[in-house]
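Below is run_35.tsv, which holds TSV, C-alpha atoms.
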chain	number	residue	atom	x	y	z
A	1	LEU	CA	17.22	-1.52	29.18
A	2	TYR	CA	13.48	-2.01	29.54
A	3	PRO	CA	12.63	-5.61	28.56
A	4	LYS	CA	9.26	-5.63	30.33
A	5	PHE	CA	7.68	-2.76	28.42
A	6	ARG	CA	4.59	-3.83	26.50
A	7	LYS	CA	5.12	-1.28	23.73
A	8	TYR	CA	8.27	0.15	22.21
A	9	LYS	CA	6.80	2.66	19.78
A	10	LEU	CA	8.18	6.17	20.04
A	11	GLU	CA	4.93	7.66	21.33
A	12	SER	CA	4.65	5.03	24.07
A	13	LEU	CA	8.30	5.38	25.14
A	14	ILE	CA	8.03	9.16	25.39
A	15	GLU	CA	5.08	8.83	27.72
A	16	ARG	CA	6.44	5.90	29.75
A	17	LEU	CA	9.89	7.45	30.27
A	18	ASN	CA	8.52	10.97	30.78
A	19	LEU	CA	10.69	12.44	28.03
A	20	ALA	CA	10.44	15.79	26.27
A	21	GLY	CA	9.05	15.76	22.75
A	22	VAL	CA	6.00	14.55	20.88
A	23	ASN	CA	5.47	11.84	18.27
A	24	SER	CA	3.35	13.93	15.89
A	25	HIS	CA	4.56	12.11	12.74
A	26	MET	CA	6.07	15.41	11.64
A	27	ALA	CA	9.75	15.07	10.71
A	28	ASP	CA	11.01	17.85	12.99
A	29	ASP	CA	9.04	16.67	16.03
A	30	ASP	CA	10.01	13.03	15.52
A	31	ILE	CA	13.72	13.89	15.22
A	32	VAL	CA	13.63	15.87	18.48
A	33	ALA	CA	11.74	13.09	20.26
A	34	THR	CA	14.13	10.42	18.95
A	35	PHE	CA	17.13	12.49	20.07
A	36	GLU	CA	15.69	12.75	23.59
A	37	LEU	CA	15.11	8.98	23.64
A	38	VAL	CA	18.66	8.19	22.47
A	39	LYS	CA	20.10	10.62	25.01
A	40	HIS	CA	18.10	8.97	27.78
A	41	CYS	CA	19.12	5.46	26.72
A	42	ARG	CA	22.79	6.40	26.52
A	43	ALA	CA	22.72	7.87	30.02
A	44	SER	CA	20.88	4.86	31.40
A	45	ALA	CA	23.14	2.35	29.63
A	46	SER	CA	26.24	3.65	31.40
A	47	ASP	CA	24.84	2.26	34.65
A	48	TYR	CA	24.40	-1.17	33.07
A	49	LEU	CA	27.89	-1.60	31.61
A	50	PRO	CA	29.46	-3.01	34.82
A	51	LYS	CA	26.52	-5.41	35.19
A	52	GLN	CA	26.90	-6.55	31.57
A	53	LYS	CA	30.61	-7.19	32.03
A	54	ALA	CA	29.89	-9.25	35.13
A	55	PHE	CA	27.18	-11.15	33.25
A	56	LEU	CA	29.58	-12.09	30.46
A	57	GLN	CA	31.95	-13.62	33.00
A	58	LYS	CA	29.41	-16.17	34.23
A	59	ALA	CA	30.25	-19.79	33.39
A	60	GLU	CA	26.94	-20.59	31.69
A	61	VAL	CA	27.17	-17.43	29.57
A	62	LYS	CA	30.70	-18.28	28.48
A	63	THR	CA	29.51	-21.74	27.46
A	64	ALA	CA	26.68	-20.25	25.36
A	65	ILE	CA	29.12	-17.86	23.68
A	66	GLU	CA	31.46	-20.71	22.82
A	67	GLU	CA	28.59	-22.71	21.30
A	68	LEU	CA	27.46	-19.77	19.20
A	69	THR	CA	31.01	-19.05	18.08
A	70	PHE	CA	31.47	-22.68	17.05
A	71	SER	CA	28.22	-22.68	15.05
A	72	TYR	CA	29.04	-19.41	13.31
A	73	LYS	CA	32.52	-20.71	12.57
A	74	GLU	CA	31.03	-23.84	10.98
A	75	CYS	CA	28.76	-21.71	8.78
A	76	TYR	CA	31.62	-19.38	7.83
A	77	GLN	CA	33.95	-22.25	6.97
A	78	HIS	CA	31.30	-23.91	4.81
A	79	THR	CA	30.74	-20.70	2.83
A	80	LYS	CA	34.49	-20.21	2.43
A	81	ASN	CA	34.90	-23.75	1.04
A	82	GLU	CA	32.02	-23.30	-1.42
A	83	LEU	CA	33.05	-19.82	-2.56
A	84	TYR	CA	34.83	-20.74	-5.81
A	85	LYS	CA	33.02	-23.94	-6.73
A	86	VAL	CA	31.07	-23.91	-9.99
A	87	LEU	CA	27.91	-25.93	-9.45
A	88	ASP	CA	26.16	-27.99	-12.11
A	89	GLU	CA	22.89	-28.24	-10.20
A	90	GLU	CA	19.74	-26.35	-11.14
A	91	HIS	CA	19.60	-24.14	-8.04
A	92	PRO	CA	21.83	-21.03	-8.06
A	93	ALA	CA	24.84	-21.30	-5.75
A	94	LEU	CA	23.77	-18.25	-3.77
A	95	ILE	CA	20.33	-19.74	-3.09
A	96	THR	CA	21.86	-23.05	-2.00
A	97	GLU	CA	24.21	-21.31	0.41
A	98	LEU	CA	21.48	-19.09	1.86
A	99	ILE	CA	19.32	-22.16	2.57
A	100	TYR	CA	22.26	-23.85	4.31
A	101	ALA	CA	23.02	-20.75	6.39
A	102	ASP	CA	19.37	-20.41	7.34
A	103	ASP	CA	19.28	-24.01	8.61
A	104	VAL	CA	22.47	-23.62	10.64
A	105	LEU	CA	21.58	-20.28	12.19
A	106	THR	CA	18.03	-21.26	13.12
A	107	GLN	CA	18.80	-24.76	14.44
A	108	LYS	CA	22.20	-24.43	16.08
A	109	CYS	CA	22.31	-20.73	16.92
A	110	GLU	CA	18.61	-20.52	17.84
A	111	ILE	CA	18.09	-17.43	15.68
A	112	LEU	CA	14.58	-16.77	14.41
A	113	ARG	CA	14.01	-17.46	10.75
A	114	VAL	CA	13.50	-14.45	8.50
A	115	ASP	CA	9.79	-13.87	7.90
A	116	ARG	CA	8.73	-15.04	4.41
A	117	PHE	CA	12.25	-16.19	3.64
A	118	ASP	CA	10.85	-18.13	0.69
A	119	LEU	CA	9.78	-14.89	-1.01
A	120	LEU	CA	13.29	-13.51	-0.73
A	121	LEU	CA	14.74	-16.64	-2.33
A	122	THR	CA	12.18	-16.49	-5.15
A	123	PHE	CA	13.02	-12.83	-5.78
A	124	LEU	CA	16.76	-13.58	-5.98
A	125	ARG	CA	16.22	-16.59	-8.23
A	126	GLU	CA	13.83	-14.99	-10.72
A	127	ASP	CA	14.70	-11.28	-10.69
A	128	VAL	CA	18.33	-10.95	-9.66
A	129	ILE	CA	20.50	-13.93	-10.67
A	130	THR	CA	20.74	-14.48	-14.43
A	131	ASP	CA	21.50	-17.61	-16.48
A	132	GLU	CA	24.35	-15.84	-18.28
A	133	GLU	CA	26.61	-15.68	-15.22
A	134	PRO	CA	28.52	-18.69	-13.84
A	135	ASN	CA	26.69	-20.69	-11.18
A	136	CYS	CA	29.34	-19.82	-8.62
A	137	LEU	CA	28.92	-18.25	-5.17
A	138	PHE	CA	31.84	-15.87	-5.71
A	139	SER	CA	30.35	-14.69	-9.01
A	140	HIS	CA	26.91	-14.13	-7.48
A	141	LEU	CA	28.29	-12.19	-4.53
A	142	SER	CA	30.57	-10.11	-6.75
A	143	ASN	CA	27.77	-9.20	-9.15
A	144	HIS	CA	24.90	-8.66	-6.73
A	145	LEU	CA	26.13	-8.06	-3.19
A	146	MET	CA	26.15	-4.27	-3.58
A	147	ASP	CA	22.66	-4.29	-5.07
A	148	MET	CA	21.29	-6.62	-2.40
A	149	SER	CA	22.45	-4.26	0.35
A	150	THR	CA	20.29	-1.49	-1.12
A	151	TYR	CA	17.13	-3.43	-1.94
A	152	ARG	CA	13.96	-2.15	-0.33
A	153	GLU	CA	10.68	-3.86	0.40
A	154	ALA	CA	9.25	-1.97	-2.59
A	155	ASP	CA	11.73	-3.65	-4.94
A	156	ILE	CA	10.60	-7.10	-3.86
A	157	CYS	CA	6.86	-6.32	-3.85
A	158	ASP	CA	7.06	-4.77	-7.32
A	159	SER	CA	9.00	-7.66	-8.85
A	160	SER	CA	7.66	-10.16	-11.38
A	161	SER	CA	8.32	-13.03	-8.96
A	162	MET	CA	5.57	-11.99	-6.56
A	163	ARG	CA	2.54	-14.26	-6.90
A	164	GLU	CA	0.40	-12.61	-4.21
A	165	LYS	CA	-2.46	-10.49	-5.52
A	166	LEU	CA	-3.36	-8.70	-2.28
A	167	PHE	CA	-0.97	-6.44	-0.37
A	168	ILE	CA	-1.82	-4.79	2.95
A	169	SER	CA	0.49	-1.89	3.71
A	170	THR	CA	0.79	1.46	5.42
A	171	VAL	CA	0.96	4.51	3.17
A	172	HIS	CA	4.60	5.08	4.16
A	173	LYS	CA	5.64	1.57	3.13
A	174	ALA	CA	3.75	1.87	-0.14
A	175	LYS	CA	5.97	4.69	-1.37
A	176	GLY	CA	7.51	3.70	-4.68
A	177	LEU	CA	4.89	1.02	-5.37
A	178	GLU	CA	2.00	1.12	-7.83
A	179	PHE	CA	-1.01	-1.18	-8.10
A	180	ASP	CA	-3.83	-1.63	-10.60
A	181	ALA	CA	-6.44	-1.16	-7.86
A	182	VAL	CA	-5.99	0.50	-4.46
A	183	PHE	CA	-8.41	0.58	-1.50
A	184	LEU	CA	-8.01	3.37	1.06
A	185	PRO	CA	-10.15	2.83	4.19
A	186	GLY	CA	-10.67	5.27	7.03
A	187	TRP	CA	-10.75	8.54	5.12
A	188	GLU	CA	-12.48	10.52	7.84
A	189	ASP	CA	-11.54	13.67	9.70
A	190	GLY	CA	-9.80	12.51	12.86
A	191	LEU	CA	-8.23	9.51	11.16
A	192	PHE	CA	-7.00	11.03	7.92
A	193	PRO	CA	-6.10	13.79	8.51
A	194	HIS	CA	-5.19	12.61	11.98
A	195	GLU	CA	-6.94	14.17	14.93
A	196	ARG	CA	-3.67	15.48	16.35
A	197	ALA	CA	-2.89	17.28	13.10
A	198	LEU	CA	-6.33	18.94	13.21
A	199	ASN	CA	-6.25	20.04	16.84
A	200	GLU	CA	-2.60	20.58	17.73
A	201	GLY	CA	-0.26	20.58	14.74
A	202	GLY	CA	-1.52	23.64	12.89
A	203	SER	CA	-1.07	24.25	9.18
A	204	ASN	CA	2.30	22.44	8.97
A	205	ALA	CA	0.88	19.21	10.39
A	206	LEU	CA	-2.13	19.40	8.09
A	207	GLU	CA	0.14	19.96	5.10
A	208	GLU	CA	2.18	16.89	6.05
A	209	GLU	CA	-1.03	14.84	6.16
A	210	ARG	CA	-2.00	16.27	2.77
A	211	ARG	CA	1.31	15.14	1.25
A	212	LEU	CA	0.72	11.67	2.69
A	213	ALA	CA	-2.76	11.65	1.15
A	214	TYR	CA	-1.20	12.48	-2.21
A	215	VAL	CA	1.14	9.50	-1.86
A	216	ALA	CA	-1.82	7.23	-1.10
A	217	LEU	CA	-3.89	8.48	-4.03
A	218	THR	CA	-1.09	8.15	-6.54
A	219	ARG	CA	-0.38	4.49	-5.77
A	220	ALA	CA	-3.32	3.50	-8.03
A	221	LYS	CA	-2.75	2.97	-11.75
A	222	GLN	CA	-6.32	2.20	-12.83
A	223	LYS	CA	-8.87	2.11	-10.01
A	224	LEU	CA	-8.98	3.86	-6.64
A	225	TYR	CA	-11.56	3.18	-3.93
A	226	ILE	CA	-11.80	5.56	-0.96
A	227	LEU	CA	-13.83	4.23	1.97
A	228	THR	CA	-15.48	6.09	4.85
A	229	THR	CA	-17.83	5.01	7.61
A	230	MET	CA	-20.63	6.88	9.37
A	231	SER	CA	-19.59	5.68	12.83
A	232	ARG	CA	-16.61	3.87	14.22
A	233	LYS	CA	-15.77	2.35	17.58
A	234	VAL	CA	-12.59	3.94	18.98
A	235	PHE	CA	-11.20	2.96	22.38
A	236	GLY	CA	-14.51	1.27	23.21
A	237	GLN	CA	-16.59	4.34	22.36
A	238	TRP	CA	-18.76	4.91	19.30
A	239	GLN	CA	-18.05	8.14	17.45
A	240	ASN	CA	-19.64	9.81	14.45
A	241	ASN	CA	-17.39	10.57	11.51
A	242	GLN	CA	-17.24	13.31	8.93
A	243	PRO	CA	-15.70	12.40	5.55
A	244	SER	CA	-12.10	13.53	5.16
A	245	ARG	CA	-11.68	17.14	4.07
A	246	PHE	CA	-9.12	15.92	1.55
A	247	LEU	CA	-11.97	14.54	-0.54
A	248	ASN	CA	-13.03	18.10	-1.34
A	249	GLU	CA	-9.62	18.66	-2.95
A	250	ILE	CA	-10.08	15.90	-5.52
A	251	PRO	CA	-11.28	17.30	-8.90
A	252	PRO	CA	-15.06	16.65	-9.20
A	253	SER	CA	-14.57	15.09	-12.63
A	254	CYS	CA	-12.45	12.35	-11.00
A	255	LEU	CA	-14.85	11.60	-8.14
A	256	GLN	CA	-17.89	9.35	-8.10
A	257	ILE	CA	-19.60	9.04	-4.72
A	258	ILE	CA	-21.78	6.02	-3.99
A	259	SER	CA	-23.28	5.01	-0.64
A	260	ASN	CA	-24.92	1.64	-0.09
A	261	THR	CA	-26.00	2.39	3.47
A	262	TYR	CA	-29.23	3.98	4.62
A	263	GLN	CA	-28.35	7.27	6.30
A	264	ASN	CA	-30.97	7.19	9.09
A	265	TYR	CA	-29.31	4.84	11.54
A	266	ASN	CA	-29.14	4.30	15.28
A	267	ARG	CA	-26.73	2.61	17.66
A	268	GLY	CA	-23.74	2.39	15.35
A	269	TYR	CA	-23.24	-0.54	13.01
A	270	ASP	CA	-25.94	-2.76	14.51
A	271	GLY	CA	-28.57	-0.21	13.57
A	272	TYR	CA	-27.66	0.14	9.91
A	273	GLN	CA	-30.75	-0.40	7.76
A	274	LYS	CA	-29.79	-1.47	4.27
A	275	ARG	CA	-32.25	-1.22	1.41
A	276	SER	CA	-32.23	-3.95	-1.17
A	277	ASN	CA	-33.87	-1.61	-3.71
A	278	TYR	CA	-31.67	1.40	-2.91
A	279	ASN	CA	-29.84	2.54	-6.04
A	280	PRO	CA	-27.90	5.69	-5.20
A	281	LYS	CA	-27.22	8.30	-7.85
A	282	PRO	CA	-23.51	9.01	-8.34
A	283	LYS	CA	-22.44	12.45	-7.16
A	284	THR	CA	-19.58	14.48	-8.48
A	285	SER	CA	-19.11	16.90	-5.59
A	286	TYR	CA	-18.40	16.03	-1.99
A	287	ASP	CA	-19.51	19.38	-0.59
A	288	ASP	CA	-23.17	18.41	-0.29
A	289	TYR	CA	-22.47	14.81	0.78
A	290	SER	CA	-22.43	14.34	4.53
A	291	TYR	CA	-23.85	12.05	7.15
A	292	GLU	CA	-26.73	12.94	9.40
A	293	PRO	CA	-25.46	13.44	12.97
A	294	ASP	CA	-26.18	10.75	15.50
A	295	GLU	CA	-27.36	12.78	18.49
A	296	GLU	CA	-27.02	9.83	20.86
A	297	TYR	CA	-23.25	9.80	20.46
A	298	ALA	CA	-22.46	13.44	19.60
A	299	SER	CA	-22.36	16.21	22.21
A	300	SER	CA	-24.78	19.05	21.67
A	301	GLN	CA	-23.48	21.85	19.51
A	302	LYS	CA	-25.52	24.54	21.24
A	303	ALA	CA	-23.68	27.31	23.06
A	304	ASN	CA	-25.98	27.09	26.09
A	305	TYR	CA	-24.27	23.84	27.07
A	306	LYS	CA	-21.26	25.74	28.42
A	307	GLY	CA	-19.88	23.98	31.48
A	308	MET	CA	-21.06	20.53	30.41
A	309	ARG	CA	-18.64	17.70	31.22
A	310	VAL	CA	-17.50	15.76	28.14
A	311	TYR	CA	-15.15	12.91	27.30
A	312	HIS	CA	-12.62	12.48	24.47
A	313	PRO	CA	-10.86	9.14	23.69
A	314	SER	CA	-7.38	10.72	23.62
A	315	PHE	CA	-7.60	13.62	26.04
A	316	GLY	CA	-9.97	12.18	28.64
A	317	LYS	CA	-12.54	14.21	30.59
A	318	GLY	CA	-12.95	17.95	30.28
A	319	THR	CA	-15.32	20.91	30.52
A	320	LEU	CA	-17.02	22.47	27.49
A	321	MET	CA	-16.19	26.18	27.45
A	322	SER	CA	-17.81	27.36	24.19
A	323	VAL	CA	-18.91	26.33	20.68
A	324	GLU	CA	-17.57	28.05	17.55
A	325	ASP	CA	-18.79	27.85	13.95
A	326	GLY	CA	-21.61	25.51	14.90
A	327	ASP	CA	-19.56	22.39	15.63
A	328	LYS	CA	-16.10	23.36	16.94
A	329	CYS	CA	-16.03	23.01	20.70
A	330	VAL	CA	-13.50	24.70	22.96
A	331	VAL	CA	-12.85	22.24	25.78
A	332	TYR	CA	-10.58	22.53	28.80
A	333	PHE	CA	-9.44	18.97	29.53
A	334	ASP	CA	-8.43	17.96	33.03
A	335	ASN	CA	-5.07	16.53	31.95
A	336	ALA	CA	-4.47	18.04	28.52
A	337	GLY	CA	-5.49	21.69	28.86
A	338	ARG	CA	-7.39	23.75	26.30
A	339	LYS	CA	-8.23	22.10	22.95
A	340	LYS	CA	-10.51	22.76	19.99
A	341	ILE	CA	-12.46	19.60	19.15
A	342	TYR	CA	-15.28	18.85	16.72
A	343	ALA	CA	-18.50	18.08	18.58
A	344	SER	CA	-18.83	14.69	16.91
A	345	TYR	CA	-15.67	13.49	18.71
A	346	LEU	CA	-16.99	14.30	22.19
A	347	ARG	CA	-19.23	12.29	24.50
A	348	LYS	CA	-21.35	13.66	27.28
A	349	VAL	CA	-20.19	12.39	30.68
Show me the file's structure as structure tokens.
Amino acid sequence: LYPKFRKYKLESLIERLNLAGVNSHMADDDIVATFELVKHCRASASDYLPKQKAFLQKAEVKTAIEELTFSYKECYQHTKNELYKVLDEEHPALITELIYADDVLTQKCEILRVDRFDLLLTFLREDVITDEEPNCLFSHLSNHLMDMSTYREADICDSSSMREKLFISTVHKAKGLEFDAVFLPGWEDGLFPHERALNEGGSNALEEERRLAYVALTRAKQKLYILTTMSRKVFGQWQNNQPSRFLNEIPPSCLQIISNTYQNYNRGYDGYQKRSNYNPKPKTSYDDYSYEPDEEYASSQKANYKGMRVYHPSFGKGTLMSVEDGDKCVVYFDNAGRKKIYASYLRKV
């Protein structure tokens, strides 16, 4: 329906199509937003059906369909002929047939090859197909087709056939996996928990982020490294960061805090002054561990700055109305309305 869109993520589609709903990464909100998107697409598609029928009647389209049908038929017929043959060769029959199908579909049907197809073949060869069963395509399909339809990415990544030692993944995709060592970057308020959960979602959104944090923490079997940064460039703007509040919920006996960066810094990363003789003492409580504020990038936290114009990367420009609890600013944004934002996330306009 919309082939020229640059992004097709739910959040982007909601904004671009002006649909009701919000992509808050909360299950209820995402279901409502997805329903609105499907409803919109169904209504829009009805206008395209006559055009699609007319398109399929064009001579060049009919020719392409015939070519694809012929290629698929060739692949199907080959598999049918090989179905009951017992092979003497070293490679399993299922692997041989998958390689053949991949060649036909990518060369004659112009279908893109499956990403890391070689890993899938290795997984089937070493972790699925056994030497005890006949080397026959029918036998392999009968024994493993049902299992193969339910395999997840986690099953392949956690298999003995995987030779890679480094996996980069989202927390959601890591569910069900465990690793000897896990590195979790970006544990700062505004990133994790997400800024939207802090300012808009309320206690339910924060609890959802907390459950996700638990998933991330429990992926490690032996060593867990949690990384934070004092400042980060977001949407072209430097912002100061406070360590994630979730760190305070980790038992002190399990936490060792080490910083290798001098805390008096200016102008973001370029101003970091590292000490070669700096040997930090491990800390066991995160409550007294915080970064000194960078006044050049943080809005003033004083109440007498009421009316000052400020900028936020997500909500745009707004007017500072008041400051609560020392660092929580009440801001009325021009396009987003009233929000409560930590001072460190605001820039003076």
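What separates CA of Val331 (chain A) from CA of Asn204 (chain A) is a distance of 22.6 Å.
Atom pair CA of Ser244 (chain A) / CA of Leu177 (chain A) has a distance of 23.6 Å (rounded to one decimal).
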If we count all atoms listed in the file, what is near Asp29 (chain A) at a cut-off of 12 Å, once residues fewer than 6 positions away on the same chain are taken out, given as a list in words?
Leu10, Glu11, Ala20, Gly21, Val22, Asn23, Phe35, Glu36, Gly201, Asn204 and Ala205 of chain A
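One finds CA of Ile156 (chain A) at 27.0 Å from CA of Glu82 (chain A).
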Centre, x/y/z edge lengths, axis-aligned box for region 89-98 of chain A with 8 Å per side, as JSON:
{"center_x": 22.2, "center_y": -23.2, "center_z": -4.6, "size_x": 21.2, "size_y": 26.0, "size_z": 29.0}
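Of the residues listed (A:Glu208, A:Glu249, A:Asp47, A:Glu195), A:Glu195 shows the shortest atom-to-atom separation from Lys340 (chain A); distances use all atoms listed in the file.
Checking A:Ala59, A:Asp30, A:Leu105, A:Ala45 one by one against Glu74 (chain A), counting only C-alpha atoms, you find the shortest gap at A:Leu105.
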Any idea what's packed within 12 Å of Pro313 (chain A), counting all atoms listed in the file, ignoring anything in its chain fewer than 6 positions away? Could you give it as a count of residues only?
17
Surrounding residues of Ala197 (chain A) excluding itself and chain neighbours under 6 positions, 8 Å, all atoms listed in the file, as a PyMOL selection string:
chain A and resi 24+205-206+209
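Comparing the minimum interatomic distances between Asn241 (chain A) and each of A:Leu124, A:Met162, A:Glu188, A:Tyr214, counting all atoms listed in the file, we find that A:Glu188 sits nearest.
Closest approach to Ala101 (chain A) among A:Tyr84, A:Tyr225, A:Tyr76, A:Phe179 is made by A:Tyr76 (distances from only C-alpha atoms).
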For each of A:Ile257, A:Val32, A:Ile95, A:Val330, take the minimum atom-to-atom distance to Glu126 (chain A), counting all atoms listed in the file, then give the residue where this is smallest.
A:Ile95
